[in-house]
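Listing of model_32.cif, mmCIF, C-alpha atoms
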```
data_data
#
loop_
_atom_site.label_atom_id
_atom_site.label_comp_id
_atom_site.auth_asym_id
_atom_site.auth_seq_id
_atom_site.Cartn_x
_atom_site.Cartn_y
_atom_site.Cartn_z
CA ALA V 1 -34.32 3.14 -17.27
CA ILE V 2 -33.08 5.34 -14.44
CA LEU V 3 -30.43 2.77 -13.50
CA SER V 4 -29.24 2.42 -17.08
CA VAL V 5 -28.82 6.18 -17.36
CA LEU V 6 -26.95 6.27 -14.03
CA PHE V 7 -24.50 3.60 -15.11
CA ALA V 8 -24.00 5.28 -18.47
CA VAL V 9 -23.15 8.57 -16.80
CA SER V 10 -20.81 6.93 -14.28
CA ALA V 11 -18.93 4.82 -16.85
CA VAL V 12 -15.55 6.07 -18.04
CA GLY V 13 -12.79 4.60 -20.15
CA VAL V 14 -10.03 2.53 -18.57
CA ALA V 15 -6.48 3.61 -19.47
CA HIS V 16 -4.12 0.75 -20.28
CA ALA V 17 -0.35 0.82 -20.65
CA SER V 18 1.22 -0.71 -23.76
CA ASP V 19 1.62 -4.02 -21.93
CA GLY V 20 -2.06 -4.16 -20.99
CA ARG V 21 -1.74 -3.14 -17.35
CA VAL V 22 -4.20 -0.60 -15.95
CA GLU V 23 -2.61 2.84 -15.67
CA ILE V 24 -2.75 4.98 -12.55
CA ASN V 25 -1.51 8.56 -12.60
CA GLN V 26 -2.32 11.96 -11.13
CA ALA V 27 -4.72 12.87 -13.94
CA ILE V 28 -6.64 9.59 -13.57
CA ALA V 29 -6.78 10.09 -9.79
CA ILE V 30 -8.33 13.53 -10.25
CA ALA V 31 -10.80 12.32 -12.89
CA GLY V 32 -11.75 9.07 -11.08
CA GLY V 33 -12.90 5.79 -12.56
CA VAL V 34 -9.65 3.82 -12.51
CA ASN V 35 -11.62 0.64 -13.34
CA GLY V 36 -14.14 2.41 -15.55
CA SER V 37 -16.75 3.27 -12.91
CA LEU V 38 -17.12 6.60 -11.12
CA GLN V 39 -19.47 4.86 -8.69
CA LEU V 40 -16.65 2.65 -7.39
CA ASP V 41 -13.84 5.16 -7.78
CA GLY V 42 -15.05 8.74 -7.57
CA ALA V 43 -13.13 11.78 -8.71
CA GLY V 44 -10.13 12.75 -6.59
CA PHE V 45 -8.23 10.85 -3.95
CA PRO V 46 -8.33 8.16 -2.73
CA ILE V 47 -8.04 5.91 -5.76
CA ASP V 48 -10.27 2.91 -5.00
CA ILE V 49 -9.35 -0.45 -6.57
CA TYR V 50 -11.87 -3.28 -6.49
CA GLU V 51 -11.01 -5.24 -9.62
CA GLY V 52 -8.17 -7.76 -9.72
CA GLY V 53 -5.29 -7.55 -12.17
CA SER V 54 -2.11 -5.60 -12.76
CA TYR V 55 -1.81 -1.86 -12.22
CA VAL V 56 1.09 0.46 -13.00
CA LEU V 57 1.87 4.04 -12.04
CA THR V 58 2.71 6.31 -14.95
CA SER V 59 3.32 9.45 -12.88
CA ASP V 60 3.91 10.48 -9.29
CA LEU V 61 0.81 10.71 -7.10
CA VAL V 62 0.63 13.77 -4.85
CA VAL V 63 -1.94 14.04 -2.04
CA THR V 64 -2.10 17.45 -0.35
CA ALA V 65 -4.77 16.86 2.33
CA ASN V 66 -3.81 15.44 5.75
CA ASP V 67 -6.91 13.24 6.10
CA VAL V 68 -6.97 11.55 2.67
CA PRO V 69 -5.21 8.30 1.64
CA ALA V 70 -3.72 7.84 -1.81
CA ILE V 71 -4.83 4.31 -2.77
CA ARG V 72 -7.28 1.86 -1.21
CA ILE V 73 -7.43 -1.77 -2.36
CA PHE V 74 -10.52 -3.70 -1.30
CA THR V 75 -11.03 -7.32 -0.37
CA THR V 76 -13.34 -8.98 -2.86
CA GLY V 77 -14.84 -6.28 -5.00
CA SER V 78 -18.19 -4.64 -4.63
CA GLY V 79 -21.44 -4.51 -6.55
CA SER V 80 -20.53 -4.82 -10.21
CA PHE V 81 -17.05 -6.15 -9.33
CA PRO V 82 -17.39 -9.25 -7.11
CA ASP V 83 -13.78 -10.06 -7.97
CA THR V 84 -11.40 -12.10 -5.78
CA SER V 85 -8.40 -12.30 -8.12
CA ASP V 86 -4.99 -11.08 -7.02
CA ILE V 87 -3.71 -7.53 -7.48
CA THR V 88 -0.24 -6.36 -8.49
CA LEU V 89 0.63 -2.69 -8.12
CA ASP V 90 3.88 -1.62 -9.78
CA LEU V 91 4.91 1.88 -8.73
CA ASN V 92 7.21 1.82 -11.75
CA GLY V 93 9.87 3.96 -10.08
CA PHE V 94 7.41 6.75 -9.24
CA SER V 95 6.54 8.25 -5.86
CA ILE V 96 3.35 8.45 -3.83
CA ARG V 97 3.68 11.59 -1.71
CA GLY V 98 1.55 12.95 1.09
CA PRO V 99 1.81 16.19 3.07
CA ALA V 100 3.60 14.89 6.20
CA THR V 101 7.19 15.80 6.99
CA CYS V 102 9.80 14.49 9.43
CA SER V 103 13.08 15.86 10.70
CA GLY V 104 15.83 14.24 12.71
CA GLU V 105 16.30 10.50 13.07
CA GLY V 106 15.96 7.77 15.67
CA THR V 107 15.29 9.11 19.15
CA THR V 108 15.32 12.71 17.92
CA ILE V 109 12.87 12.33 15.05
CA SER V 110 9.84 14.62 14.90
CA CYS V 111 7.00 14.24 12.38
CA SER V 112 3.82 16.12 11.64
CA GLY V 113 1.04 16.04 9.08
CA SER V 114 -1.01 13.18 7.70
CA SER V 115 -2.67 10.45 9.77
CA GLU V 116 -3.78 8.51 6.66
CA PHE V 117 -2.31 5.70 4.57
CA GLY V 118 -0.31 5.95 1.40
CA ILE V 119 -1.70 2.54 0.38
CA ASN V 120 -4.23 0.59 2.42
CA ALA V 121 -4.85 -2.90 1.01
CA THR V 122 -7.57 -4.78 2.88
CA ILE V 123 -7.20 -8.01 0.93
CA GLY V 124 -8.85 -10.66 3.12
CA ASP V 125 -9.02 -14.44 2.70
CA THR V 126 -8.77 -14.94 -1.05
CA ARG V 127 -6.97 -11.98 -2.59
CA ALA V 128 -3.18 -11.65 -2.51
CA VAL V 129 -1.43 -8.38 -3.31
CA VAL V 130 1.99 -7.36 -4.61
CA VAL V 131 3.29 -3.79 -4.19
CA HIS V 132 6.74 -2.97 -5.51
CA ASN V 133 9.24 -0.67 -7.18
CA GLY V 134 8.72 2.90 -5.97
CA ARG V 135 8.67 5.39 -3.12
CA ILE V 136 6.01 6.22 -0.50
CA SER V 137 6.45 9.19 1.82
CA GLY V 138 4.51 11.81 3.72
CA PHE V 139 1.62 9.80 5.18
CA GLY V 140 0.61 8.46 8.58
CA THR V 141 1.55 4.91 7.54
CA ALA V 142 3.07 4.38 4.12
CA LEU V 143 1.69 0.90 3.37
CA ALA V 144 -0.79 -1.14 5.41
CA ILE V 145 -2.00 -4.63 4.50
CA PRO V 146 -4.44 -5.64 7.27
CA ASN V 147 -6.29 -8.95 7.56
CA SER V 148 -4.09 -10.67 5.01
CA GLN V 149 -4.84 -14.38 4.83
CA ALA V 150 -3.83 -14.99 1.19
CA GLY V 151 -0.35 -13.48 1.47
CA CYS V 152 1.43 -10.49 0.03
CA ILE V 153 4.74 -9.35 -1.42
CA VAL V 154 6.21 -5.94 -0.61
CA ARG V 155 9.57 -5.32 -2.24
CA ASP V 156 11.90 -2.72 -3.71
CA LEU V 157 10.23 0.23 -2.02
CA VAL V 158 11.72 3.33 -0.43
CA VAL V 159 9.53 4.23 2.55
CA THR V 160 10.46 7.42 4.33
CA GLU V 161 9.14 10.39 6.35
CA ASN V 162 5.83 8.86 7.42
CA VAL V 163 4.41 9.97 10.78
CA PHE V 164 3.89 6.51 12.27
CA THR V 165 4.85 3.16 10.68
CA GLY V 166 6.60 2.51 7.41
CA ILE V 167 5.13 -0.91 6.46
CA SER V 168 2.43 -2.72 8.47
CA VAL V 169 1.12 -6.21 7.65
CA SER V 170 -1.26 -8.35 9.68
CA ASP V 171 -3.69 -11.21 9.49
CA ARG V 172 -6.78 -11.94 11.55
CA GLY V 173 -5.87 -15.46 12.70
CA GLY V 174 -8.51 -18.17 12.89
CA SER V 175 -8.69 -21.52 11.11
CA THR V 176 -8.52 -20.15 7.56
CA PRO V 177 -5.22 -21.13 5.86
CA ARG V 178 -2.76 -18.31 6.38
CA TYR V 179 -0.03 -17.47 3.93
CA PRO V 180 2.92 -15.26 4.87
CA CYS V 181 3.77 -11.84 3.57
CA LEU V 182 7.24 -11.39 2.07
CA ILE V 183 8.82 -8.01 2.85
CA LYS V 184 12.05 -7.89 0.90
CA ASP V 185 14.74 -5.50 -0.32
CA ASN V 186 13.13 -2.28 0.89
CA ILE V 187 14.73 0.88 2.28
CA ILE V 188 12.72 2.06 5.30
CA LYS V 189 14.15 5.17 6.90
CA GLY V 190 13.22 8.23 8.90
CA ASN V 191 9.67 7.25 9.85
CA GLY V 192 8.21 8.55 13.11
CA SER V 193 7.63 5.19 14.78
CA ARG V 194 8.32 1.61 13.64
CA GLY V 195 10.01 0.73 10.39
CA ILE V 196 8.10 -2.56 9.93
CA LEU V 197 5.23 -3.93 12.01
CA THR V 198 4.12 -7.53 11.47
CA THR V 199 1.25 -9.14 13.37
CA GLY V 200 0.92 -12.35 11.38
CA PRO V 201 3.09 -14.73 9.35
CA ALA V 202 5.80 -12.76 7.57
CA ILE V 203 9.24 -13.22 6.05
CA VAL V 204 11.31 -10.07 6.39
CA THR V 205 14.63 -10.15 4.57
CA GLY V 206 17.16 -7.96 2.82
CA ASN V 207 15.78 -4.65 4.10
CA LEU V 208 17.76 -1.56 5.12
CA ILE V 209 15.95 -0.06 8.12
CA HIS V 210 17.45 2.97 9.79
CA GLY V 211 16.70 6.22 11.55
CA ASN V 212 13.11 5.35 12.49
CA GLY V 213 11.67 6.63 15.76
CA GLY V 214 10.69 3.21 17.14
CA ASP V 215 11.77 -0.38 16.56
CA GLY V 216 13.27 -1.18 13.20
CA ILE V 217 11.16 -4.36 13.10
CA GLU V 218 8.37 -5.06 15.57
CA SER V 219 7.05 -8.63 15.36
CA VAL V 220 3.96 -9.94 17.11
CA LEU V 221 2.47 -13.46 17.24
CA ASP V 222 3.74 -16.25 14.96
CA VAL V 223 6.08 -14.23 12.80
CA LEU V 224 9.15 -15.52 11.02
CA VAL V 225 11.69 -12.75 10.59
CA GLY V 226 14.23 -13.68 7.97
CA HIS V 227 17.89 -12.90 7.59
CA GLY V 228 19.94 -10.20 5.94
CA ASN V 229 18.22 -7.11 7.32
CA THR V 230 20.42 -4.14 8.21
CA LEU V 231 19.15 -2.09 11.16
CA HIS V 232 20.83 0.93 12.67
CA SER V 233 20.11 4.26 14.37
CA ASN V 234 16.48 3.37 15.13
CA GLY V 235 14.93 4.72 18.32
CA GLY V 236 13.98 1.22 19.51
CA ARG V 237 15.58 -2.10 18.68
#
```
Go ahead and render the structure in this file as structure tokens.
Amino acid sequence: AILSVLFAVSAVGVAHASDGRVEINQAIAIAGGVNGSLQLDGAGFPIDIYEGGSYVLTSDLVVTANDVPAIRIFTTGSGSFPDTSDITLDLNGFSIRGPATCSGEGTTISCSGSSEFGINATIGDTRAVVVHNGRISGFGTALAIPNSQAGCIVRDLVVTENVFTGISVSDRGGSTPRYPCLIKDNIIKGNGSRGILTTGPAIVTGNLIHGNGGDGIESVLDVLVGHGNTLHSNGGR
């Protein structure tokens, strides 16, 4: 009886866009329960996503605290959501903004503020993720996809004024089949360190990468870096 009351109290409605995608906006972030459970996604930032499917921003997201990420995407669900299906996050032309700021470019850039992630997607062996179509600025790292074995797509983003790295993708190696991440058609500028960091299979193509404090693209291990990237005025290569 106690558990049933607890779940009833922690259950909230899920907001859907007209096309059926799950909505994310500033009001939903403050209220919590993006997937209908305040236990899995409490009120305020970060927004915690466990359930697979398609999500869409319907407003800008603004995080004011230095030590708080905006969105966290988890590997295979938790508790009531043991879900391994893929996740698509459409920023829908909106921005995810943190409190960090940068000035200058390349070797003269100086940044201060957040040490957290704009989006941190720990997707693991079975869950792929797509993040596209918007702007991320003012965090420690704008977008991190660690331990990616199932692949990811990162495209059509503007990533700027983050203290450390713009986009970071990695896998954890081993014998599990490893699928590459595609990083395509992004503008990555004015970040305090690297523009893109890849430490696993990745295809990086069609990106404009300029004015970052470190390397435009830093590649580690068995990475395939594609063609058509434009790099200039970065502090490293």
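Considering all atoms listed in the file, the residue among V:Ser170, V:Asn120, V:Thr198, V:Thr101 positioned nearest to Gln149 of chain V is V:Ser170.
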Selection under test: the PyMOL selection byres ((chain V and resi 216) around 12); residues as number ranges by chain
V: 106, 165-168, 187-198, 204, 207-215, 217-219, 225, 229-237
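Rounded to one decimal, atom CA of Thr205 of chain V and atom CA of Val220 of chain V lie 16.5 Å from each other.
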I need the output of the PyMOL selection byres ((chain V and resi 90) around 12) for this file as a PyMOL selection string; which residues are they?
chain V and resi 17+21-25+53-59+87-89+91-96+129-135+153-157
Residues near segment 62-67 of chain V, cut-off 9 Å, all atoms listed in the file, skip fewer than 3 positions along chain, as a PDB file with C-alpha atoms, in the frame of the given file:
```pdb
ATOM      1  CA  GLN V  26      -2.320  11.960 -11.130  1.00  0.00           C
ATOM      2  CA  PHE V  45      -8.230  10.850  -3.950  1.00  0.00           C
ATOM      3  CA  PRO V  46      -8.330   8.160  -2.730  1.00  0.00           C
ATOM      4  CA  ALA V  70      -3.720   7.840  -1.810  1.00  0.00           C
ATOM      5  CA  SER V  95       6.540   8.250  -5.860  1.00  0.00           C
ATOM      6  CA  ILE V  96       3.350   8.450  -3.830  1.00  0.00           C
ATOM      7  CA  ARG V  97       3.680  11.590  -1.710  1.00  0.00           C
ATOM      8  CA  GLY V  98       1.550  12.950   1.090  1.00  0.00           C
ATOM      9  CA  PRO V  99       1.810  16.190   3.070  1.00  0.00           C
ATOM     10  CA  ALA V 100       3.600  14.890   6.200  1.00  0.00           C
ATOM     11  CA  GLY V 113       1.040  16.040   9.080  1.00  0.00           C
ATOM     12  CA  SER V 114      -1.010  13.180   7.700  1.00  0.00           C
ATOM     13  CA  SER V 115      -2.670  10.450   9.770  1.00  0.00           C
ATOM     14  CA  GLU V 116      -3.780   8.510   6.660  1.00  0.00           C
ATOM     15  CA  PHE V 117      -2.310   5.700   4.570  1.00  0.00           C
ATOM     16  CA  GLY V 118      -0.310   5.950   1.400  1.00  0.00           C
ATOM     17  CA  GLY V 138       4.510  11.810   3.720  1.00  0.00           C
ATOM     18  CA  PHE V 139       1.620   9.800   5.180  1.00  0.00           C
ATOM     19  CA  GLY V 140       0.610   8.460   8.580  1.00  0.00           C
TER      20      GLY V 140
END
```
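Put simply, atom CA of Ile47 of chain V is 28.4 Å away from atom CA of Ile203 of chain V.
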All heavy atoms for segment 64-75 of chain V, written as an mmCIF file, keeping the file's coordinate frame, could you do that?
```cif
data_model
loop_
_atom_site.group_PDB
_atom_site.id
_atom_site.type_symbol
_atom_site.label_atom_id
_atom_site.label_comp_id
_atom_site.auth_asym_id
_atom_site.auth_seq_id
_atom_site.Cartn_x
_atom_site.Cartn_y
_atom_site.Cartn_z
ATOM 1 N N THR V 64 -2.423 16.244 -1.126
ATOM 2 C CA THR V 64 -2.100 17.450 -0.350
ATOM 3 C C THR V 64 -2.878 17.542 0.961
ATOM 4 O O THR V 64 -2.491 18.327 1.836
ATOM 5 C CB THR V 64 -2.375 18.704 -1.184
ATOM 6 O OG1 THR V 64 -3.747 18.712 -1.598
ATOM 7 C CG2 THR V 64 -1.484 18.738 -2.413
ATOM 8 N N ALA V 65 -3.949 16.769 1.117
ATOM 9 C CA ALA V 65 -4.770 16.860 2.330
ATOM 10 C C ALA V 65 -4.281 15.868 3.387
ATOM 11 O O ALA V 65 -3.905 14.728 3.075
ATOM 12 C CB ALA V 65 -6.234 16.569 2.006
ATOM 13 N N ASN V 66 -4.297 16.287 4.656
ATOM 14 C CA ASN V 66 -3.810 15.440 5.750
ATOM 15 C C ASN V 66 -4.673 14.219 6.003
ATOM 16 O O ASN V 66 -4.190 13.207 6.526
ATOM 17 C CB ASN V 66 -3.731 16.256 7.050
ATOM 18 C CG ASN V 66 -2.529 17.175 7.091
ATOM 19 O OD1 ASN V 66 -1.524 16.905 6.446
ATOM 20 N ND2 ASN V 66 -2.634 18.253 7.837
ATOM 21 N N ASP V 67 -5.970 14.287 5.701
ATOM 22 C CA ASP V 67 -6.910 13.240 6.100
ATOM 23 C C ASP V 67 -7.381 12.389 4.925
ATOM 24 O O ASP V 67 -8.455 11.801 4.971
ATOM 25 C CB ASP V 67 -8.112 13.852 6.811
ATOM 26 C CG ASP V 67 -8.838 14.888 5.949
ATOM 27 O OD1 ASP V 67 -8.300 15.265 4.889
ATOM 28 O OD2 ASP V 67 -9.940 15.308 6.345
ATOM 29 N N VAL V 68 -6.575 12.284 3.874
ATOM 30 C CA VAL V 68 -6.970 11.550 2.670
ATOM 31 C C VAL V 68 -5.876 10.562 2.288
ATOM 32 O O VAL V 68 -4.711 10.954 2.138
ATOM 33 C CB VAL V 68 -7.223 12.524 1.498
ATOM 34 C CG1 VAL V 68 -7.544 11.745 0.221
ATOM 35 C CG2 VAL V 68 -8.360 13.486 1.833
ATOM 36 N N PRO V 69 -6.201 9.265 2.134
ATOM 37 C CA PRO V 69 -5.210 8.300 1.640
ATOM 38 C C PRO V 69 -5.022 8.432 0.142
ATOM 39 O O PRO V 69 -5.831 9.071 -0.546
ATOM 40 C CB PRO V 69 -5.846 6.951 2.005
ATOM 41 C CG PRO V 69 -7.315 7.215 2.004
ATOM 42 C CD PRO V 69 -7.497 8.638 2.455
ATOM 43 N N ALA V 70 -3.970 7.813 -0.365
ATOM 44 C CA ALA V 70 -3.720 7.840 -1.810
ATOM 45 C C ALA V 70 -4.461 6.723 -2.530
ATOM 46 O O ALA V 70 -5.210 6.973 -3.477
ATOM 47 C CB ALA V 70 -2.230 7.768 -2.094
ATOM 48 N N ILE V 71 -4.253 5.471 -2.090
ATOM 49 C CA ILE V 71 -4.830 4.310 -2.770
ATOM 50 C C ILE V 71 -5.436 3.377 -1.740
ATOM 51 O O ILE V 71 -4.797 3.056 -0.735
ATOM 52 C CB ILE V 71 -3.768 3.551 -3.594
ATOM 53 C CG1 ILE V 71 -3.203 4.449 -4.714
ATOM 54 C CG2 ILE V 71 -4.348 2.270 -4.192
ATOM 55 C CD1 ILE V 71 -2.057 3.801 -5.477
ATOM 56 N N ARG V 72 -6.649 2.903 -2.023
ATOM 57 C CA ARG V 72 -7.280 1.860 -1.210
ATOM 58 C C ARG V 72 -7.575 0.669 -2.105
ATOM 59 O O ARG V 72 -8.149 0.808 -3.180
ATOM 60 C CB ARG V 72 -8.572 2.368 -0.575
ATOM 61 C CG ARG V 72 -8.361 3.537 0.365
ATOM 62 C CD ARG V 72 -9.620 3.923 1.101
ATOM 63 N NE ARG V 72 -10.695 4.353 0.207
ATOM 64 C CZ ARG V 72 -11.844 4.893 0.620
ATOM 65 N NH1 ARG V 72 -12.064 5.045 1.920
ATOM 66 N NH2 ARG V 72 -12.763 5.264 -0.249
ATOM 67 N N ILE V 73 -7.168 -0.515 -1.639
ATOM 68 C CA ILE V 73 -7.430 -1.770 -2.360
ATOM 69 C C ILE V 73 -8.375 -2.587 -1.498
ATOM 70 O O ILE V 73 -8.083 -2.842 -0.323
ATOM 71 C CB ILE V 73 -6.129 -2.537 -2.633
ATOM 72 C CG1 ILE V 73 -5.184 -1.689 -3.505
ATOM 73 C CG2 ILE V 73 -6.425 -3.877 -3.312
ATOM 74 C CD1 ILE V 73 -3.804 -2.290 -3.666
ATOM 75 N N PHE V 74 -9.474 -3.047 -2.080
ATOM 76 C CA PHE V 74 -10.520 -3.700 -1.300
ATOM 77 C C PHE V 74 -10.498 -5.215 -1.478
ATOM 78 O O PHE V 74 -9.936 -5.749 -2.423
ATOM 79 C CB PHE V 74 -11.882 -3.117 -1.664
ATOM 80 C CG PHE V 74 -12.044 -1.699 -1.200
ATOM 81 C CD1 PHE V 74 -11.707 -0.642 -2.029
ATOM 82 C CD2 PHE V 74 -12.488 -1.423 0.077
ATOM 83 C CE1 PHE V 74 -11.831 0.670 -1.596
ATOM 84 C CE2 PHE V 74 -12.607 -0.121 0.524
ATOM 85 C CZ PHE V 74 -12.286 0.931 -0.322
ATOM 86 N N THR V 75 -11.183 -5.882 -0.550
ATOM 87 C CA THR V 75 -11.030 -7.320 -0.370
ATOM 88 C C THR V 75 -11.511 -8.139 -1.565
ATOM 89 O O THR V 75 -10.749 -8.830 -2.207
ATOM 90 C CB THR V 75 -11.802 -7.782 0.884
ATOM 91 O OG1 THR V 75 -11.358 -7.011 1.983
ATOM 92 C CG2 THR V 75 -11.567 -9.239 1.146
#
```
